[in-house]
>>> print(open('run08.pdb').read())   # PDB, C-alpha atoms and all ligand atoms
ATOM      1  CA  MET A   1     -48.085  37.165   6.198
ATOM      2  CA  ALA A   2     -47.855  36.429   2.491
ATOM      3  CA  ILE A   3     -44.424  36.961   0.897
ATOM      4  CA  GLY A   4     -44.483  38.879  -2.360
ATOM      5  CA  CYS A   5     -42.718  37.605  -5.507
ATOM      6  CA  LYS A   6     -39.975  40.232  -5.149
ATOM      7  CA  GLU A   7     -39.068  39.189  -1.555
ATOM      8  CA  HIS A   8     -39.322  35.510  -2.491
ATOM      9  CA  CYS A   9     -36.863  35.937  -5.389
ATOM     10  CA  HIS A  10     -34.553  37.948  -3.102
ATOM     11  CA  MET A  11     -34.520  35.177  -0.444
ATOM     12  CA  LYS A  12     -33.847  32.530  -3.113
ATOM     13  CA  ALA A  13     -30.875  34.540  -4.378
ATOM     14  CA  ILE A  14     -29.442  34.904  -0.829
ATOM     15  CA  LEU A  15     -29.913  31.168  -0.214
ATOM     16  CA  ALA A  16     -28.126  30.302  -3.488
ATOM     17  CA  LEU A  17     -25.259  32.672  -2.626
ATOM     18  CA  THR A  18     -24.760  31.318   0.911
ATOM     19  CA  THR A  19     -24.899  27.723  -0.408
ATOM     20  CA  ALA A  20     -22.248  28.561  -3.007
ATOM     21  CA  ILE A  21     -20.021  30.193  -0.341
ATOM     22  CA  ALA A  22     -20.413  27.137   1.927
ATOM     23  CA  VAL A  23     -19.537  24.740  -0.913
ATOM     24  CA  ILE A  24     -16.437  26.780  -1.851
ATOM     25  CA  ALA A  25     -15.391  26.893   1.840
ATOM     26  CA  VAL A  26     -15.748  23.107   2.219
ATOM     27  CA  MET A  27     -13.816  22.566  -1.037
ATOM     28  CA  GLY A  28     -11.112  24.895   0.235
ATOM     29  CA  VAL A  29     -10.759  23.056   3.532
ATOM     30  CA  SER A  30     -10.641  19.639   1.851
ATOM     31  CA  ALA A  31      -8.072  20.941  -0.654
ATOM     32  CA  MET A  32      -5.964  22.114   2.299
ATOM     33  CA  LYS A  33      -6.358  18.674   3.875
ATOM     34  CA  ASP A  34      -5.126  17.077   0.605
ATOM     35  CA  HIS A  35      -1.947  19.092   0.907
ATOM     36  CA  ALA A  36      -1.457  18.571   4.638
ATOM     37  CA  ALA A  37       1.536  16.603   5.931
ATOM     38  CA  PRO A  38       0.825  13.099   7.294
ATOM     39  CA  ALA A  39      -0.488  13.119  10.842
ATOM     40  CA  PRO A  40       2.322  13.448  13.410
ATOM     41  CA  GLY A  41       3.404   9.966  14.457
ATOM     42  CA  SER A  42       2.548   8.415  11.085
ATOM     43  CA  ASP A  43       5.169   5.783  10.315
ATOM     44  CA  ALA A  44       4.300   5.212   6.641
ATOM     45  CA  LEU A  45       7.807   6.065   5.423
ATOM     46  CA  LEU A  46       9.433   3.995   8.184
ATOM     47  CA  LYS A  47       7.395   0.953   7.036
ATOM     48  CA  ILE A  48       8.447   1.486   3.409
ATOM     49  CA  ALA A  49      12.111   1.902   4.435
ATOM     50  CA  GLU A  50      11.926  -1.281   6.507
ATOM     51  CA  THR A  51      10.262  -3.500   3.880
ATOM     52  CA  ARG A  52      12.217  -2.226   0.850
ATOM     53  CA  ARG A  53      14.835  -4.755  -0.231
ATOM     54  CA  SER A  54      16.812  -5.131  -3.439
ATOM     55  CA  ILE A  55      14.710  -7.492  -5.541
ATOM     56  CA  ARG A  56      16.553  -9.047  -8.486
ATOM     57  CA  GLN A  57      14.107 -11.705  -9.716
ATOM     58  CA  TYR A  58      10.673 -10.957 -11.101
ATOM     59  CA  THR A  59       7.546 -12.673 -12.396
ATOM     60  CA  SER A  60       6.590 -12.233 -16.058
ATOM     61  CA  GLU A  61       3.675  -9.935 -15.105
ATOM     62  CA  PRO A  62       4.043  -6.502 -16.730
ATOM     63  CA  ILE A  63       3.884  -3.304 -14.673
ATOM     64  CA  SER A  64       0.888  -1.143 -15.572
ATOM     65  CA  PRO A  65       1.656   2.158 -17.350
ATOM     66  CA  GLU A  66      -0.146   3.998 -14.524
ATOM     67  CA  THR A  67       2.111   2.437 -11.862
ATOM     68  CA  ILE A  68       5.252   3.251 -13.864
ATOM     69  CA  SER A  69       4.054   6.817 -14.290
ATOM     70  CA  ASN A  70       3.276   7.144 -10.547
ATOM     71  CA  ILE A  71       6.719   5.801  -9.594
ATOM     72  CA  ILE A  72       8.510   8.191 -11.962
ATOM     73  CA  ALA A  73       6.356  11.089 -10.721
ATOM     74  CA  ILE A  74       7.608  10.504  -7.167
ATOM     75  CA  ALA A  75      11.229  10.397  -8.406
ATOM     76  CA  MET A  76      10.599  13.689 -10.203
ATOM     77  CA  LEU A  77       9.557  15.229  -6.876
ATOM     78  CA  ALA A  78      13.033  14.598  -5.432
ATOM     79  CA  PRO A  79      15.046  17.638  -4.395
ATOM     80  CA  SER A  80      17.851  18.713  -6.736
ATOM     81  CA  SER A  81      20.844  21.037  -6.538
ATOM     82  CA  TYR A  82      19.983  24.656  -7.320
ATOM     83  CA  GLY A  83      16.420  23.390  -7.975
ATOM     84  CA  GLN A  84      17.532  22.700 -11.560
ATOM     85  CA  ASN A  85      15.759  19.331 -11.917
ATOM     86  CA  PRO A  86      18.596  17.956 -14.098
ATOM     87  CA  VAL A  87      17.566  14.289 -13.796
ATOM     88  CA  GLU A  88      15.771  12.575 -16.687
ATOM     89  CA  PHE A  89      14.490   9.032 -17.043
ATOM     90  CA  VAL A  90      14.271   6.559 -19.923
ATOM     91  CA  VAL A  91      11.991   3.574 -19.318
ATOM     92  CA  VAL A  92      12.945   0.443 -21.276
ATOM     93  CA  GLN A  93      10.442  -2.418 -21.494
ATOM     94  CA  GLU A  94      11.153  -4.404 -24.685
ATOM     95  CA  ARG A  95      12.900  -7.702 -23.854
ATOM     96  CA  GLU A  96      15.550  -7.413 -26.545
ATOM     97  CA  LYS A  97      16.408  -3.833 -25.549
ATOM     98  CA  LEU A  98      16.592  -4.836 -21.869
ATOM     99  CA  ALA A  99      19.185  -7.487 -22.775
ATOM    100  CA  ARG A 100      21.222  -4.917 -24.746
ATOM    101  CA  LEU A 101      20.921  -2.420 -21.877
ATOM    102  CA  ALA A 102      22.185  -5.004 -19.371
ATOM    103  CA  ALA A 103      25.133  -5.791 -21.654
ATOM    104  CA  CYS A 104      26.246  -2.128 -21.600
ATOM    105  CA  LYS A 105      27.748  -2.893 -18.185
ATOM    106  CA  ARG A 106      30.789  -5.107 -18.734
ATOM    107  CA  ILE A 107      30.181  -7.298 -15.677
ATOM    108  CA  GLY A 108      26.502  -7.473 -16.630
ATOM    109  CA  ALA A 109      23.320  -6.421 -14.896
ATOM    110  CA  PRO A 110      21.213  -9.579 -14.468
ATOM    111  CA  SER A 111      18.342  -7.793 -12.728
ATOM    112  CA  VAL A 112      18.016  -5.395 -15.688
ATOM    113  CA  ARG A 113      17.891  -8.313 -18.112
ATOM    114  CA  ALA A 114      15.240 -10.034 -15.942
ATOM    115  CA  SER A 115      13.155  -6.924 -15.243
ATOM    116  CA  ALA A 116       9.676  -6.077 -16.507
ATOM    117  CA  ALA A 117      10.910  -2.512 -16.973
ATOM    118  CA  SER A 118      14.167  -0.739 -16.230
ATOM    119  CA  VAL A 119      14.566   2.955 -15.600
ATOM    120  CA  VAL A 120      17.756   4.608 -16.819
ATOM    121  CA  VAL A 121      18.483   7.480 -14.427
ATOM    122  CA  MET A 122      20.506  10.104 -16.280
ATOM    123  CA  VAL A 123      21.556  13.632 -15.471
ATOM    124  CA  ASP A 124      22.166  16.706 -17.635
ATOM    125  CA  THR A 125      25.710  17.546 -16.488
ATOM    126  CA  SER A 126      25.471  21.044 -18.011
ATOM    127  CA  LYS A 127      23.063  21.944 -15.186
ATOM    128  CA  GLY A 128      25.591  21.686 -12.374
ATOM    129  CA  GLU A 129      28.527  19.846 -10.859
ATOM    130  CA  LEU A 130      26.433  17.989  -8.297
ATOM    131  CA  TRP A 131      24.945  15.676 -10.923
ATOM    132  CA  PRO A 132      25.991  12.392  -9.176
ATOM    133  CA  GLU A 133      24.151  13.510  -6.055
ATOM    134  CA  ASP A 134      21.112  14.669  -8.042
ATOM    135  CA  GLY A 135      20.882  11.327  -9.843
ATOM    136  CA  SER A 136      21.364   9.360  -6.628
ATOM    137  CA  VAL A 137      18.653  11.250  -4.746
ATOM    138  CA  ALA A 138      16.170  10.701  -7.594
ATOM    139  CA  ALA A 139      17.089   6.999  -7.812
ATOM    140  CA  THR A 140      16.550   6.634  -4.062
ATOM    141  CA  TYR A 141      13.070   8.160  -4.386
ATOM    142  CA  LEU A 142      12.457   5.692  -7.229
ATOM    143  CA  LEU A 143      13.327   2.730  -4.980
ATOM    144  CA  LEU A 144      11.024   3.948  -2.207
ATOM    145  CA  ALA A 145       8.214   4.726  -4.675
ATOM    146  CA  ALA A 146       8.455   1.233  -6.192
ATOM    147  CA  GLU A 147       8.105  -0.265  -2.712
ATOM    148  CA  GLN A 148       4.990   1.809  -2.063
ATOM    149  CA  TYR A 149       3.360   0.287  -5.175
ATOM    150  CA  GLY A 150       4.448  -3.285  -4.300
ATOM    151  CA  ILE A 151       6.995  -3.357  -7.142
ATOM    152  CA  GLY A 152      10.405  -4.960  -6.592
ATOM    153  CA  ALA A 153      13.394  -2.817  -7.543
ATOM    154  CA  CYS A 154      17.169  -2.997  -7.719
ATOM    155  CA  TRP A 155      19.794  -0.281  -8.243
ATOM    156  CA  ASN A 156      22.376  -1.202 -10.897
ATOM    157  CA  GLN A 157      25.439   1.014 -10.642
ATOM    158  CA  ILE A 158      26.507   2.571 -13.959
ATOM    159  CA  ARG A 159      28.579   5.659 -13.040
ATOM    160  CA  LEU A 160      32.302   4.729 -12.914
ATOM    161  CA  ARG A 161      31.555   1.276 -14.366
ATOM    162  CA  ASP A 162      33.091  -0.114 -17.576
ATOM    163  CA  GLY A 163      31.119  -1.041 -20.654
ATOM    164  CA  GLN A 164      32.299  -3.405 -23.399
ATOM    165  CA  ARG A 165      34.307  -0.729 -25.291
ATOM    166  CA  LYS A 166      33.753   2.579 -23.428
ATOM    167  CA  SER A 167      32.246   3.537 -20.111
ATOM    168  CA  ALA A 168      28.912   1.850 -19.344
ATOM    169  CA  SER A 169      27.310   5.317 -19.247
ATOM    170  CA  ARG A 170      28.490   6.234 -22.788
ATOM    171  CA  GLU A 171      27.353   2.896 -24.193
ATOM    172  CA  ILE A 172      23.872   3.314 -22.666
ATOM    173  CA  CYS A 173      23.618   6.860 -24.044
ATOM    174  CA  GLU A 174      24.562   5.553 -27.521
ATOM    175  CA  LEU A 175      22.016   2.719 -27.268
ATOM    176  CA  LEU A 176      19.199   5.098 -26.321
ATOM    177  CA  GLY A 177      20.157   8.122 -28.442
ATOM    178  CA  VAL A 178      20.939  10.329 -25.437
ATOM    179  CA  PRO A 179      22.979  13.549 -26.054
ATOM    180  CA  GLU A 180      26.623  13.641 -24.909
ATOM    181  CA  ARG A 181      26.089  16.075 -22.039
ATOM    182  CA  TYR A 182      24.156  13.419 -20.106
ATOM    183  CA  GLU A 183      25.690  10.875 -17.726
ATOM    184  CA  VAL A 184      23.941   7.763 -16.455
ATOM    185  CA  VAL A 185      24.126   7.301 -12.684
ATOM    186  CA  CYS A 186      22.318   3.973 -12.458
ATOM    187  CA  VAL A 187      19.655   1.774 -13.981
ATOM    188  CA  VAL A 188      16.823   0.800 -11.627
ATOM    189  CA  ALA A 189      15.349  -2.582 -12.531
ATOM    190  CA  LEU A 190      11.633  -2.996 -11.743
ATOM    191  CA  GLY A 191       9.236  -5.949 -11.678
ATOM    192  CA  HIS A 192       6.690  -7.862  -9.636
ATOM    193  CA  PRO A 193       8.821  -9.752  -7.087
ATOM    194  CA  LYS A 194       9.234 -13.493  -7.615
ATOM    195  CA  SER A 195       9.725 -13.718  -3.850
ATOM    196  CA  ARG A 196      10.106 -11.297  -0.969
ATOM    197  CA  LEU A 197      13.132 -10.878   1.273
ATOM    198  CA  PRO A 198      12.762 -10.393   5.033
ATOM    199  CA  PRO A 199      12.319  -6.729   5.932
ATOM    200  CA  HIS A 200      14.934  -4.638   7.653
ATOM    201  CA  ARG A 201      13.825  -3.756  11.162
ATOM    202  CA  LYS A 202      14.304  -0.521  13.040
ATOM    203  CA  GLU A 203      15.151  -2.644  16.098
ATOM    204  CA  ASP A 204      18.229  -4.012  14.274
ATOM    205  CA  ILE A 205      19.729  -0.614  13.409
ATOM    206  CA  ASP A 206      23.241  -0.166  14.835
ATOM    207  CA  PHE A 207      22.875   3.198  16.524
ATOM    208  CA  ALA A 208      26.651   3.249  17.181
ATOM    209  CA  ARG A 209      26.723   4.831  13.702
ATOM    210  CA  LEU A 210      24.880   7.837  15.111
ATOM    211  CA  HIS A 211      27.082  10.495  16.707
ATOM    212  CA  MET A 212      25.351  13.301  18.565
ATOM    213  CA  GLY A 213      27.219  16.600  18.622
ATOM    214  CA  LYS A 214      30.703  15.080  18.055
ATOM    215  CA  PHE A 215      32.190  11.842  16.758
ATOM    216  CA  LYS A 216      32.867   9.289  19.483
TER
HETATM  217  C1  LIG B 301      25.030   3.117  -4.829
HETATM  218  C2  LIG B 301      24.493   1.711  -4.943
HETATM  219  C3  LIG B 301      24.993   0.869  -5.909
HETATM  220  C4  LIG B 301      24.473  -0.425  -6.054
HETATM  221  N1  LIG B 301      24.873  -1.189  -7.120
HETATM  222  C5  LIG B 301      24.293  -2.390  -7.331
HETATM  223  C6  LIG B 301      24.588  -3.127  -8.504
HETATM  224  O1  LIG B 301      25.329  -2.683  -9.383
HETATM  225  N2  LIG B 301      23.993  -4.332  -8.656
HETATM  226  C7  LIG B 301      23.126  -4.857  -7.715
HETATM  227  O2  LIG B 301      22.608  -5.942  -7.914
HETATM  228  N3  LIG B 301      22.813  -4.162  -6.584
HETATM  229  C8  LIG B 301      23.357  -2.947  -6.373
HETATM  230  N4  LIG B 301      23.010  -2.202  -5.267
HETATM  231  C9  LIG B 301      22.096  -2.755  -4.259
HETATM  232  C10 LIG B 301      22.872  -3.142  -2.980
HETATM  233  O3  LIG B 301      23.635  -4.285  -3.228
HETATM  234  C11 LIG B 301      21.851  -3.367  -1.830
HETATM  235  O4  LIG B 301      21.128  -2.177  -1.620
HETATM  236  C12 LIG B 301      22.531  -3.779  -0.542
HETATM  237  O5  LIG B 301      23.122  -5.046  -0.674
HETATM  238  C13 LIG B 301      21.532  -3.831   0.636
HETATM  239  O6  LIG B 301      20.426  -4.705   0.357
HETATM  240  P1  LIG B 301      18.924  -4.187   0.340
HETATM  241  O7  LIG B 301      18.795  -3.195  -0.767
HETATM  242  O8  LIG B 301      18.083  -5.416   0.111
HETATM  243  O9  LIG B 301      18.632  -3.536   1.654
HETATM  244  C14 LIG B 301      23.489  -0.912  -5.135
HETATM  245  C15 LIG B 301      23.020  -0.055  -4.147
HETATM  246  C16 LIG B 301      23.490   1.237  -4.064
HETATM  247  C17 LIG B 301      22.889   2.180  -3.024
END
>>> encode(input="run08.pdb", output="structure tokens")
Amino acid sequence: MAIGCKEHCHMKAILALTTAIAVIAVMGVSAMKDHAAPAPGSDALLKIAETRRSIRQYTSEPISPETISNIIAIAMLAPSSYGQNPVEFVVVQEREKLARLAACKRIGAPSVRASAASVVVMVDTSKGELWPEDGSVAATYLLLAAEQYGIGACWNQIRLRDGQRKSASREICELLGVPERYEVVCVVALGHPKSRLPPHRKEDIDFARLHMGKFK
């Protein structure tokens, strides 16, 4: 039986509509997959925690802007008190500025001086009293993120450390033009590792530090 033009056009429209619905459904499912948690049993974070070591010597290879941005993005996803996101980051890459940054800590910060880039982790103290914790959590994410991208990293303590004339934190804020309400928790030095250190191993963890239910 011959199909008239009207029916033919009608069928084409239905076909186009169902195709569009199917495409949107598939896109929806894959978008959900993108946001799904890692499969149960995945040990990706365990591997990163095991292989991460404090790396203090680096090659002269620069870190790509994309990698730096990805590392900072992960640190910006860290939880914060009251959800205030009070932690901010200044990335220093110029050699001369890295040397001046390292000198803001009286006892020095050799890994900062040697780094390809150093990230000053600072917190807006007007956003809450838990700023040392907020800065520390973000810095920890930074260390783990660097490991994921194969970048060596080292925490350089700044909070409670002396500078040449004032606290190390105040001297860094002056060097970088940071307002007074900010405090620097640490500077994380980054670079391509000159050499790797042996990984930590889950097997070596001293589980006597774990107390279930009560301290014993
Ligand atoms: C709160 C904190 C402060 C630290 N301060 C410094 C520092 O000022 N300079 C430094 O070279 N390493 C510093 N480190 C790195 C530790 O020395 C290092 O994590 C520790 O020796 C264990 O070695 P690993 O990181 O290779 O596992 C610090 C680490 C933390 C968590």
>>> residues_near_ligand(input="run08.pdb", ligand="ligand LIG 301 (chain B)", cutoff="7 Å", atoms="all atoms listed in the file", output="short mmCIF file (atom, residue, chain, number, x, y, z; two decimals) with C-alpha atoms, in the frame of the given file")
data_model
loop_
_atom_site.label_atom_id
_atom_site.label_comp_id
_atom_site.auth_asym_id
_atom_site.auth_seq_id
_atom_site.Cartn_x
_atom_site.Cartn_y
_atom_site.Cartn_z
CA ARG A 52 12.22 -2.23 0.85
CA ARG A 53 14.84 -4.76 -0.23
CA SER A 54 16.81 -5.13 -3.44
CA ILE A 55 14.71 -7.49 -5.54
CA ARG A 56 16.55 -9.05 -8.49
CA ALA A 109 23.32 -6.42 -14.90
CA SER A 111 18.34 -7.79 -12.73
CA CYS A 154 17.17 -3.00 -7.72
CA TRP A 155 19.79 -0.28 -8.24
CA ASN A 156 22.38 -1.20 -10.90
CA GLN A 157 25.44 1.01 -10.64
#
>>> atom_distance(input="run08.pdb", atom1="atom CA of A:Glu174", atom2="atom CA of A:Ser115")
20.9 Å
>>> closest_residue(input="run08.pdb", among="A:Phe207, A:Tyr182, A:Phe215, A:Phe89", to="A:Ala139", atoms="all atoms listed in the file")
A:Phe89
>>> residues_around(input="run08.pdb", residues="stretch 130-135 of chain A", least_positions_apart="6", cutoff="8 Å", atoms="only C-alpha atoms", output="JSON, numbers by chain")
{"A": [79, 80, 81, 86, 87, 121, 122, 123, 124, 185, 186]}
>>> closest_residue(input="run08.pdb", among="A:Ala146, A:Leu46, A:Ala168, A:Leu175", to="A:Thr67", atoms="only C-alpha atoms")
A:Ala146
>>> atom_distance(input="run08.pdb", atom1="atom CA of A:Thr59", atom2="atom CA of A:Val137")
27.5 Å
>>> atom_distance(input="run08.pdb", atom1="atom CA of A:Thr51", atom2="atom CA of A:Arg201")
8.1 Å
>>> residues_around(input="run08.pdb", residues="A:Lys47", least_positions_apart="3", cutoff="12 Å", atoms="only C-alpha atoms", output="list in words")
Ser42, Asp43, Ala44, Glu50, Thr51, Arg52, Arg53, Leu144, Glu147, Gln148, Pro199, His200, Arg201 and Lys202 of chain A
>>> residues_around(input="run08.pdb", residues="stretch 95-97 of chain A", least_positions_apart="2", cutoff="9 Å", atoms="all atoms listed in the file", output="list in words")
Val92, Gln93, Ala99, Arg100, Leu101, Ala102, Arg113, Ala114, Ser115, Ala116, Ala117 and Leu175 of chain A
>>> closest_residue(input="run08.pdb", among="A:Cys104, A:Gly41, A:Leu160, A:Ile71", to="A:Cys173", atoms="all atoms listed in the file")
A:Cys104
>>> residues_around(input="run08.pdb", residues="A:Val90", least_positions_apart="4", cutoff="10 Å", atoms="only C-alpha atoms", output="list in words")
Ile72, Ser118, Val119, Val120, Val121, Met122, Leu176, Val178 and Val187 of chain A
>>> closest_residue(input="run08.pdb", among="A:Ala138, A:Leu45, A:Val112, A:Ala145", to="A:Ser69", atoms="all atoms listed in the file")
A:Ala145
>>> resolve_selection(input="run08.pdb", expression="the PyMOL selection byres (((chain A and resi 193) around 7) and not hetatm)", output="PyMOL selection string")
chain A and resi 55+57-59+151-152+191-192+194-196
>>> closest_residue(input="run08.pdb", among="A:Ile205, A:Leu210, A:Leu77, A:Val91", to="A:Ile63", atoms="all atoms listed in the file")
A:Val91
>>> closest_residue(input="run08.pdb", among="A:Gln164, A:Gln84, A:Ser136, A:Thr125", to="A:Pro179", atoms="all atoms listed in the file")
A:Thr125
>>> resolve_selection(input="run08.pdb", expression="the PyMOL selection byres (((chain A and resi 106) around 6) and not hetatm)", output="list in words")
Lys105, Ile107, Gly108, Asp162, Gly163 and Gln164 of chain A
